[in-house]
$ cat run.csv   # CSV, N, CA and C atoms
chain,number,residue,atom,x,y,z
A,266,MET,N,0.9,-1.2,0.0
A,266,MET,CA,0.0,0.0,0.0
A,266,MET,C,0.9,1.2,0.0
A,267,SER,N,0.5,2.2,-0.8
A,267,SER,CA,1.3,3.5,-0.9
A,267,SER,C,0.4,4.6,-0.4
A,268,LYS,N,1.0,5.5,0.4
A,268,LYS,CA,0.3,6.6,1.0
A,268,LYS,C,0.8,7.9,0.2
A,269,PHE,N,-0.2,8.8,0.0
A,269,PHE,CA,0.1,10.0,-0.8
A,269,PHE,C,-0.5,11.2,-0.1
A,270,THR,N,0.2,12.4,-0.2
A,270,THR,CA,-0.4,13.6,0.2
A,270,THR,C,-0.3,14.6,-1.0
A,271,TYR,N,-1.3,15.3,-1.3
A,271,TYR,CA,-1.4,16.2,-2.5
A,271,TYR,C,-1.8,17.6,-2.0
A,272,ARG,N,-1.2,18.6,-2.5
A,272,ARG,CA,-1.6,20.0,-2.1
A,272,ARG,C,-2.4,20.6,-3.3
A,273,PRO,N,-3.7,20.6,-3.2
A,273,PRO,CA,-4.6,21.1,-4.3
A,273,PRO,C,-4.4,22.6,-4.5
A,274,GLN,N,-4.7,23.0,-5.8
A,274,GLN,CA,-4.5,24.4,-6.2
A,274,GLN,C,-5.9,24.8,-6.7
A,275,GLY,N,-6.3,26.1,-6.3
A,275,GLY,CA,-7.5,26.7,-6.8
A,275,GLY,C,-8.8,26.3,-6.2
A,276,VAL,N,-8.7,25.6,-5.1
A,276,VAL,CA,-9.9,25.1,-4.4
A,276,VAL,C,-9.8,25.4,-2.9
A,277,CYS,N,-10.9,25.2,-2.2
A,277,CYS,CA,-10.9,25.5,-0.7
A,277,CYS,C,-10.2,24.5,0.1
A,278,SER,N,-10.1,23.2,-0.3
A,278,SER,CA,-9.3,22.3,0.4
A,278,SER,C,-7.9,22.6,0.3
A,279,VAL,N,-7.1,22.2,1.3
A,279,VAL,CA,-5.7,22.6,1.3
A,279,VAL,C,-4.8,21.3,1.2
A,280,ARG,N,-5.4,20.2,1.4
A,280,ARG,CA,-4.6,18.9,1.4
A,280,ARG,C,-5.5,17.7,1.1
A,281,ILE,N,-5.0,16.8,0.4
A,281,ILE,CA,-5.7,15.5,0.1
A,281,ILE,C,-4.8,14.4,0.5
A,282,ASP,N,-5.2,13.6,1.4
A,282,ASP,CA,-4.4,12.4,1.8
A,282,ASP,C,-5.2,11.2,1.3
A,283,PHE,N,-4.5,10.2,0.7
A,283,PHE,CA,-5.1,9.0,0.2
A,283,PHE,C,-4.1,7.9,0.1
A,284,GLU,N,-4.6,6.7,0.0
A,284,GLU,CA,-3.8,5.5,-0.2
A,284,GLU,C,-4.2,4.8,-1.5
A,285,VAL,N,-3.3,4.1,-2.1
A,285,VAL,CA,-3.6,3.2,-3.3
A,285,VAL,C,-3.0,1.9,-3.0
A,286,GLU,N,-3.8,0.9,-3.1
A,286,GLU,CA,-3.3,-0.5,-2.9
A,286,GLU,C,-3.8,-1.3,-4.1
A,287,ASP,N,-2.9,-1.9,-4.9
A,287,ASP,CA,-3.1,-2.7,-6.1
A,287,ASP,C,-4.1,-2.0,-7.0
A,288,GLY,N,-3.9,-0.7,-7.2
A,288,GLY,CA,-4.6,0.1,-8.1
A,288,GLY,C,-6.0,0.5,-7.6
A,289,ILE,N,-6.3,0.3,-6.4
A,289,ILE,CA,-7.6,0.7,-5.7
A,289,ILE,C,-7.4,1.8,-4.8
A,290,VAL,N,-8.3,2.8,-4.8
A,290,VAL,CA,-8.3,4.0,-4.0
A,290,VAL,C,-8.8,3.6,-2.6
A,291,LYS,N,-8.1,4.1,-1.6
A,291,LYS,CA,-8.5,3.8,-0.2
A,291,LYS,C,-8.2,5.1,0.7
A,292,ASN,N,-9.0,5.2,1.7
A,292,ASN,CA,-8.8,6.2,2.8
A,292,ASN,C,-8.6,7.6,2.3
A,293,VAL,N,-9.4,8.2,1.5
A,293,VAL,CA,-9.3,9.5,1.0
A,293,VAL,C,-9.8,10.5,2.1
A,294,GLN,N,-8.9,11.5,2.4
A,294,GLN,CA,-9.3,12.5,3.4
A,294,GLN,C,-8.9,13.9,2.9
A,295,PHE,N,-9.9,14.8,2.8
A,295,PHE,CA,-9.6,16.1,2.5
A,295,PHE,C,-9.5,17.0,3.7
A,296,THR,N,-8.5,17.9,3.7
A,296,THR,CA,-8.4,18.9,4.8
A,296,THR,C,-9.0,20.2,4.3
A,297,ARG,N,-10.0,20.7,5.1
A,297,ARG,CA,-10.8,21.9,4.7
A,297,ARG,C,-11.6,21.6,3.5
A,298,GLY,N,-12.2,22.6,2.9
A,298,GLY,CA,-13.1,22.5,1.8
A,298,GLY,C,-14.5,22.3,2.3
A,299,CYS,N,-15.5,22.0,1.4
A,299,CYS,CA,-16.9,21.8,1.8
A,299,CYS,C,-17.0,20.4,2.4
A,300,ASN,N,-17.2,20.4,3.7
A,300,ASN,CA,-17.1,19.2,4.5
A,300,ASN,C,-18.0,18.1,4.0
A,301,GLY,N,-19.2,18.4,3.8
A,301,GLY,CA,-20.2,17.3,3.3
A,301,GLY,C,-19.8,16.8,1.9
A,302,ASN,N,-19.4,17.7,1.0
A,302,ASN,CA,-19.1,17.3,-0.3
A,302,ASN,C,-17.8,16.5,-0.3
A,303,THR,N,-16.8,16.9,0.4
A,303,THR,CA,-15.6,16.1,0.4
A,303,THR,C,-15.7,14.8,1.1
A,304,GLN,N,-16.6,14.7,2.1
A,304,GLN,CA,-16.9,13.4,2.7
A,304,GLN,C,-17.6,12.5,1.7
A,305,GLY,N,-18.5,13.1,1.0
A,305,GLY,CA,-19.2,12.3,0.0
A,305,GLY,C,-18.3,11.8,-1.1
A,306,ILE,N,-17.5,12.6,-1.6
A,306,ILE,CA,-16.5,12.2,-2.7
A,306,ILE,C,-15.7,11.1,-2.1
A,307,SER,N,-15.1,11.2,-0.9
A,307,SER,CA,-14.3,10.2,-0.3
A,307,SER,C,-15.0,8.9,-0.2
A,308,ALA,N,-16.3,8.9,0.2
A,308,ALA,CA,-17.1,7.7,0.4
A,308,ALA,C,-17.3,7.0,-1.0
A,309,LEU,N,-17.6,7.8,-2.0
A,309,LEU,CA,-18.0,7.3,-3.3
A,309,LEU,C,-16.8,6.7,-4.0
A,310,VAL,N,-15.6,7.2,-3.8
A,310,VAL,CA,-14.4,6.7,-4.6
A,310,VAL,C,-13.8,5.5,-3.8
A,311,GLU,N,-14.1,5.3,-2.5
A,311,GLU,CA,-13.5,4.2,-1.8
A,311,GLU,C,-13.7,2.9,-2.5
A,312,GLY,N,-12.6,2.2,-2.7
A,312,GLY,CA,-12.7,0.9,-3.3
A,312,GLY,C,-12.8,0.9,-4.9
A,313,MET,N,-12.7,2.1,-5.5
A,313,MET,CA,-12.8,2.2,-6.9
A,313,MET,C,-11.3,2.1,-7.5
A,314,LYS,N,-11.2,1.7,-8.8
A,314,LYS,CA,-10.0,1.7,-9.4
A,314,LYS,C,-9.5,3.1,-9.7
A,315,VAL,N,-8.2,3.3,-9.6
A,315,VAL,CA,-7.7,4.7,-9.8
A,315,VAL,C,-8.1,5.2,-11.1
A,316,ASP,N,-8.0,4.5,-12.2
A,316,ASP,CA,-8.3,5.0,-13.5
A,316,ASP,C,-9.8,5.3,-13.6
A,317,ASP,N,-10.6,4.6,-13.0
A,317,ASP,CA,-12.1,4.9,-13.0
A,317,ASP,C,-12.4,6.2,-12.3
A,318,VAL,N,-11.7,6.4,-11.2
A,318,VAL,CA,-12.0,7.7,-10.5
A,318,VAL,C,-11.5,8.9,-11.3
A,319,ILE,N,-10.3,8.7,-11.9
A,319,ILE,CA,-9.7,9.8,-12.7
A,319,ILE,C,-10.7,10.1,-13.9
A,320,SER,N,-11.2,9.1,-14.6
A,320,SER,CA,-12.0,9.3,-15.7
A,320,SER,C,-13.4,9.9,-15.4
A,321,ARG,N,-13.9,9.7,-14.2
A,321,ARG,CA,-15.1,10.2,-13.8
A,321,ARG,C,-15.0,11.7,-13.2
A,322,LEU,N,-13.9,12.0,-12.5
A,322,LEU,CA,-13.8,13.2,-11.8
A,322,LEU,C,-13.0,14.3,-12.5
A,323,LYS,N,-12.1,13.9,-13.4
A,323,LYS,CA,-11.2,14.9,-14.1
A,323,LYS,C,-12.0,15.9,-14.9
A,324,GLY,N,-11.7,17.1,-14.7
A,324,GLY,CA,-12.4,18.2,-15.5
A,324,GLY,C,-13.6,18.8,-14.8
A,325,THR,N,-14.0,18.2,-13.6
A,325,THR,CA,-15.2,18.8,-12.9
A,325,THR,C,-14.8,20.2,-12.5
A,326,ASP,N,-15.8,21.1,-12.7
A,326,ASP,CA,-15.5,22.5,-12.4
A,326,ASP,C,-16.4,23.0,-11.3
A,327,CYS,N,-15.9,23.9,-10.5
A,327,CYS,CA,-16.6,24.5,-9.3
A,327,CYS,C,-16.8,26.0,-9.6
A,328,ASN,N,-17.9,26.4,-10.0
A,328,ASN,CA,-18.3,27.8,-10.1
A,328,ASN,C,-17.3,28.6,-11.0
A,329,GLY,N,-16.9,28.0,-12.1
A,329,GLY,CA,-16.0,28.7,-13.1
A,329,GLY,C,-14.6,28.8,-12.7
A,330,ARG,N,-14.2,28.0,-11.7
A,330,ARG,CA,-12.8,28.1,-11.2
A,330,ARG,C,-11.8,27.4,-12.2
A,331,GLY,N,-12.4,26.5,-13.0
A,331,GLY,CA,-11.5,25.7,-13.9
A,331,GLY,C,-11.1,24.4,-13.2
A,332,THR,N,-11.4,24.2,-12.0
A,332,THR,CA,-11.1,23.0,-11.2
A,332,THR,C,-12.1,22.9,-10.1
A,333,SER,N,-11.9,21.8,-9.3
A,333,SER,CA,-12.8,21.6,-8.1
A,333,SER,C,-12.1,20.6,-7.2
A,334,CYS,N,-12.6,20.3,-6.1
A,334,CYS,CA,-12.0,19.2,-5.3
A,334,CYS,C,-12.0,17.9,-5.9
A,335,PRO,N,-13.1,17.5,-6.6
A,335,PRO,CA,-13.1,16.2,-7.4
A,335,PRO,C,-12.0,16.2,-8.5
A,336,ASP,N,-11.9,17.3,-9.2
A,336,ASP,CA,-10.8,17.5,-10.2
A,336,ASP,C,-9.4,17.4,-9.6
A,337,GLN,N,-9.2,18.0,-8.5
A,337,GLN,CA,-8.0,18.0,-7.8
A,337,GLN,C,-7.6,16.6,-7.3
A,338,LEU,N,-8.6,15.8,-6.9
A,338,LEU,CA,-8.4,14.4,-6.5
A,338,LEU,C,-8.0,13.6,-7.7
A,339,ALA,N,-8.6,13.9,-8.9
A,339,ALA,CA,-8.2,13.2,-10.1
A,339,ALA,C,-6.7,13.5,-10.4
A,340,LYS,N,-6.3,14.7,-10.3
A,340,LYS,CA,-4.9,15.1,-10.5
A,340,LYS,C,-4.0,14.5,-9.5
A,341,ALA,N,-4.4,14.4,-8.3
A,341,ALA,CA,-3.6,13.7,-7.3
A,341,ALA,C,-3.4,12.2,-7.6
A,342,LEU,N,-4.5,11.6,-8.1
A,342,LEU,CA,-4.4,10.2,-8.4
A,342,LEU,C,-3.5,10.0,-9.7
A,343,GLU,N,-3.6,10.9,-10.6
A,343,GLU,CA,-2.7,10.9,-11.8
A,343,GLU,C,-1.2,11.0,-11.3
A,344,MET,N,-1.0,11.9,-10.4
A,344,MET,CA,0.4,12.0,-9.8
A,344,MET,C,0.8,10.7,-9.2
A,345,SER,N,-0.1,10.1,-8.4
A,345,SER,CA,0.3,8.8,-7.7
A,345,SER,C,0.7,7.7,-8.7
A,346,LYS,N,0.1,7.7,-9.9
A,346,LYS,CA,0.5,6.7,-10.9
A,346,LYS,C,1.9,6.9,-11.4
A,347,ASN,N,2.4,8.1,-11.3
A,347,ASN,CA,3.8,8.4,-11.9
A,347,ASN,C,4.9,8.2,-10.8
A,348,GLN,N,4.5,7.8,-9.6
A,348,GLN,CA,5.5,7.6,-8.6
A,348,GLN,C,5.8,6.2,-8.2
$ encode --input "run.csv" --output "structure tokens"
Amino acid sequence: MSKFTYRPQGVCSVRIDFEVEDGIVKNVQFTRGCNGNTQGISALVEGMKVDDVISRLKGTDCNGRGTSCPDQLAKALEMSKNQ
């Protein structure tokens, strides 16, 4: 199991911690951000394949910011694949 920490850009959350085990997303935790939404995202992606989460969340926009917490999670997961 690999543990990762990602510093999101352009969103309210300031940190995303998560684990990947055999290509499966586990234990996603956002620091700050919209608490209910980030808890929901975390619960929904738990147990999903990394590539499935990326394909579903990448490009999600929050109020014209060009990114969002789900999009930042997708970017974090892409980063984790390259390490």
$ closest_atom_pairs --input "run.csv" --of "stretch 275-314 of chain A" --to "stretch 331-336 of chain A" --cutoff "8 Å" --atoms "only N, CA and C atoms" --output "tab-separated table"
residue	atom	partner	partner_atom	distance
A:Gly275	C	A:Thr332	C	6.1
A:Val276	CA	A:Ser333	C	5.7
A:Cys277	N	A:Cys334	N	6.5
A:Ser278	N	A:Cys334	CA	6.7
A:Gly298	CA	A:Cys334	CA	7.9
A:Asn302	C	A:Pro335	N	7.9
A:Thr303	CA	A:Cys334	CA	7.4
A:Ile306	CA	A:Pro335	CA	7.0
$ write_last_selection --input "run.csv" --atoms "N, CA and C atoms" --output "compact mmCIF listing (two decimals), in the coordinates of the input"
# COMPACT_ATOMS: atom_id res chain seq x y z
N GLY A 275 -6.30 26.10 -6.30
CA GLY A 275 -7.50 26.70 -6.80
C GLY A 275 -8.80 26.30 -6.20
N VAL A 276 -8.70 25.60 -5.10
CA VAL A 276 -9.90 25.10 -4.40
C VAL A 276 -9.80 25.40 -2.90
N CYS A 277 -10.90 25.20 -2.20
CA CYS A 277 -10.90 25.50 -0.70
C CYS A 277 -10.20 24.50 0.10
N SER A 278 -10.10 23.20 -0.30
CA SER A 278 -9.30 22.30 0.40
C SER A 278 -7.90 22.60 0.30
N GLY A 298 -12.20 22.60 2.90
CA GLY A 298 -13.10 22.50 1.80
C GLY A 298 -14.50 22.30 2.30
N ASN A 302 -19.40 17.70 1.00
CA ASN A 302 -19.10 17.30 -0.30
C ASN A 302 -17.80 16.50 -0.30
N THR A 303 -16.80 16.90 0.40
CA THR A 303 -15.60 16.10 0.40
C THR A 303 -15.70 14.80 1.10
N ILE A 306 -17.50 12.60 -1.60
CA ILE A 306 -16.50 12.20 -2.70
C ILE A 306 -15.70 11.10 -2.10
$ select_by_dssp --input "run.csv" --residues "chain A" --states "alpha helix (DSSP H)" --output "PyMOL selection string"
chain A and resi 300-310+315-322+334-346
$ atom_distance --input "run.csv" --atom1 "atom C of A:Gly288" --atom2 "atom CA of A:Leu342"
9.9 Å
$ closest_residue --input "run.csv" --among "A:Val279, A:Cys299, A:Ile289, A:Met344" --to "A:Val315" --atoms "all atoms listed in the file"
A:Ile289
$ closest_residue --input "run.csv" --among "A:Asn347, A:Thr325, A:Ser267, A:Gln294" --to "A:Ala308" --atoms "only C-alpha atoms"
A:Gln294
$ residues_around --input "run.csv" --residues "A:Val318" --least-positions-apart "2" --cutoff "8 Å" --atoms "all atoms listed in the file" --output "count of residues only"
14
$ atom_distance --input "run.csv" --atom1 "atom C of A:Arg280" --atom2 "atom C of A:Thr296"
5.4 Å
$ atom_distance --input "run.csv" --atom1 "atom N of A:Ser307" --atom2 "atom CA of A:Ala341"
13.4 Å
$ residues_around --input "run.csv" --residues "A:Phe283" --least-positions-apart "3" --cutoff "6 Å" --atoms "all atoms listed in the file" --output "mmCIF file with N, CA and C atoms, in the coordinates of the input"
data_model
loop_
_atom_site.group_PDB
_atom_site.id
_atom_site.type_symbol
_atom_site.label_atom_id
_atom_site.label_comp_id
_atom_site.auth_asym_id
_atom_site.auth_seq_id
_atom_site.Cartn_x
_atom_site.Cartn_y
_atom_site.Cartn_z
ATOM 1 N N SER A 267 0.500 2.200 -0.800
ATOM 2 C CA SER A 267 1.300 3.500 -0.900
ATOM 3 C C SER A 267 0.400 4.600 -0.400
ATOM 4 N N LYS A 268 1.000 5.500 0.400
ATOM 5 C CA LYS A 268 0.300 6.600 1.000
ATOM 6 C C LYS A 268 0.800 7.900 0.200
ATOM 7 N N PHE A 269 -0.200 8.800 0.000
ATOM 8 C CA PHE A 269 0.100 10.000 -0.800
ATOM 9 C C PHE A 269 -0.500 11.200 -0.100
ATOM 10 N N THR A 270 0.200 12.400 -0.200
ATOM 11 C CA THR A 270 -0.400 13.600 0.200
ATOM 12 C C THR A 270 -0.300 14.600 -1.000
ATOM 13 N N LYS A 291 -8.100 4.100 -1.600
ATOM 14 C CA LYS A 291 -8.500 3.800 -0.200
ATOM 15 C C LYS A 291 -8.200 5.100 0.700
ATOM 16 N N ASN A 292 -9.000 5.200 1.700
ATOM 17 C CA ASN A 292 -8.800 6.200 2.800
ATOM 18 C C ASN A 292 -8.600 7.600 2.300
ATOM 19 N N VAL A 293 -9.400 8.200 1.500
ATOM 20 C CA VAL A 293 -9.300 9.500 1.000
ATOM 21 C C VAL A 293 -9.800 10.500 2.100
ATOM 22 N N GLN A 294 -8.900 11.500 2.400
ATOM 23 C CA GLN A 294 -9.300 12.500 3.400
ATOM 24 C C GLN A 294 -8.900 13.900 2.900
#
$ closest_residue --input "run.csv" --among "A:Lys346, A:Val290, A:Glu284, A:Tyr271" --to "A:Gly312" --atoms "only C-alpha atoms"
A:Val290
$ select_by_dssp --input "run.csv" --residues "stretch 275-345 of chain A" --states "strand (DSSP E or B)" --output "list in words"
Arg280, Ile281, Asp282, Phe283, Glu284, Val285, Glu286, Ile289, Val290, Lys291, Asn292, Val293, Gln294, Phe295, Thr296 and Lys314 of chain A
$ write_last_selection --input "run.csv" --atoms "N, CA and C atoms" --output "compact mmCIF listing (two decimals), in the coordinates of the input"
# COMPACT_ATOMS: atom_id res chain seq x y z
N ARG A 280 -5.40 20.20 1.40
CA ARG A 280 -4.60 18.90 1.40
C ARG A 280 -5.50 17.70 1.10
N ILE A 281 -5.00 16.80 0.40
CA ILE A 281 -5.70 15.50 0.10
C ILE A 281 -4.80 14.40 0.50
N ASP A 282 -5.20 13.60 1.40
CA ASP A 282 -4.40 12.40 1.80
C ASP A 282 -5.20 11.20 1.30
N PHE A 283 -4.50 10.20 0.70
CA PHE A 283 -5.10 9.00 0.20
C PHE A 283 -4.10 7.90 0.10
N GLU A 284 -4.60 6.70 0.00
CA GLU A 284 -3.80 5.50 -0.20
C GLU A 284 -4.20 4.80 -1.50
N VAL A 285 -3.30 4.10 -2.10
CA VAL A 285 -3.60 3.20 -3.30
C VAL A 285 -3.00 1.90 -3.00
N GLU A 286 -3.80 0.90 -3.10
CA GLU A 286 -3.30 -0.50 -2.90
C GLU A 286 -3.80 -1.30 -4.10
N ILE A 289 -6.30 0.30 -6.40
CA ILE A 289 -7.60 0.70 -5.70
C ILE A 289 -7.40 1.80 -4.80
N VAL A 290 -8.30 2.80 -4.80
CA VAL A 290 -8.30 4.00 -4.00
C VAL A 290 -8.80 3.60 -2.60
N LYS A 291 -8.10 4.10 -1.60
CA LYS A 291 -8.50 3.80 -0.20
C LYS A 291 -8.20 5.10 0.70
N ASN A 292 -9.00 5.20 1.70
CA ASN A 292 -8.80 6.20 2.80
C ASN A 292 -8.60 7.60 2.30
N VAL A 293 -9.40 8.20 1.50
CA VAL A 293 -9.30 9.50 1.00
C VAL A 293 -9.80 10.50 2.10
N GLN A 294 -8.90 11.50 2.40
CA GLN A 294 -9.30 12.50 3.40
C GLN A 294 -8.90 13.90 2.90
N PHE A 295 -9.90 14.80 2.80
CA PHE A 295 -9.60 16.10 2.50
C PHE A 295 -9.50 17.00 3.70
N THR A 296 -8.50 17.90 3.70
CA THR A 296 -8.40 18.90 4.80
C THR A 296 -9.00 20.20 4.30
N LYS A 314 -11.20 1.70 -8.80
CA LYS A 314 -10.00 1.70 -9.40
C LYS A 314 -9.50 3.10 -9.70
$ decode --input "run.csv" --residues "stretch 288-324 of chain A" --atoms "C-alpha atoms" --output "PDB file, in the first residue's frame"
ATOM      1  CA  GLY A 288      -4.645   0.130  -8.149  1.00  0.00           C
ATOM      2  CA  ILE A 289      -7.570   0.667  -5.743  1.00  0.00           C
ATOM      3  CA  VAL A 290      -8.285   3.985  -3.979  1.00  0.00           C
ATOM      4  CA  LYS A 291      -8.511   3.847  -0.191  1.00  0.00           C
ATOM      5  CA  ASN A 292      -8.804   6.208   2.780  1.00  0.00           C
ATOM      6  CA  VAL A 293      -9.311   9.533   0.971  1.00  0.00           C
ATOM      7  CA  GLN A 294      -9.305  12.486   3.378  1.00  0.00           C
ATOM      8  CA  PHE A 295      -9.623  16.148   2.453  1.00  0.00           C
ATOM      9  CA  THR A 296      -8.396  18.884   4.792  1.00  0.00           C
ATOM     10  CA  ARG A 297     -10.766  21.865   4.723  1.00  0.00           C
ATOM     11  CA  GLY A 298     -13.123  22.453   1.825  1.00  0.00           C
ATOM     12  CA  CYS A 299     -16.872  21.824   1.791  1.00  0.00           C
ATOM     13  CA  ASN A 300     -17.074  19.165   4.484  1.00  0.00           C
ATOM     14  CA  GLY A 301     -20.181  17.339   3.290  1.00  0.00           C
ATOM     15  CA  ASN A 302     -19.074  17.310  -0.335  1.00  0.00           C
ATOM     16  CA  THR A 303     -15.559  16.133   0.396  1.00  0.00           C
ATOM     17  CA  GLN A 304     -16.850  13.395   2.714  1.00  0.00           C
ATOM     18  CA  GLY A 305     -19.239  12.319  -0.040  1.00  0.00           C
ATOM     19  CA  ILE A 306     -16.503  12.220  -2.656  1.00  0.00           C
ATOM     20  CA  SER A 307     -14.302  10.197  -0.315  1.00  0.00           C
ATOM     21  CA  ALA A 308     -17.053   7.659   0.371  1.00  0.00           C
ATOM     22  CA  LEU A 309     -17.974   7.317  -3.295  1.00  0.00           C
ATOM     23  CA  VAL A 310     -14.443   6.655  -4.561  1.00  0.00           C
ATOM     24  CA  GLU A 311     -13.473   4.248  -1.759  1.00  0.00           C
ATOM     25  CA  GLY A 312     -12.722   0.873  -3.346  1.00  0.00           C
ATOM     26  CA  MET A 313     -12.759   2.159  -6.929  1.00  0.00           C
ATOM     27  CA  LYS A 314      -9.963   1.658  -9.439  1.00  0.00           C
ATOM     28  CA  VAL A 315      -7.656   4.671  -9.754  1.00  0.00           C
ATOM     29  CA  ASP A 316      -8.298   4.981 -13.507  1.00  0.00           C
ATOM     30  CA  ASP A 317     -12.079   4.878 -13.016  1.00  0.00           C
ATOM     31  CA  VAL A 318     -11.954   7.690 -10.458  1.00  0.00           C
ATOM     32  CA  ILE A 319      -9.746   9.785 -12.749  1.00  0.00           C
ATOM     33  CA  SER A 320     -12.035   9.305 -15.746  1.00  0.00           C
ATOM     34  CA  ARG A 321     -15.147  10.233 -13.750  1.00  0.00           C
ATOM     35  CA  LEU A 322     -13.814  13.235 -11.823  1.00  0.00           C
ATOM     36  CA  LYS A 323     -11.217  14.865 -14.084  1.00  0.00           C
ATOM     37  CA  GLY A 324     -12.408  18.194 -15.460  1.00  0.00           C
TER      38      GLY A 324
END
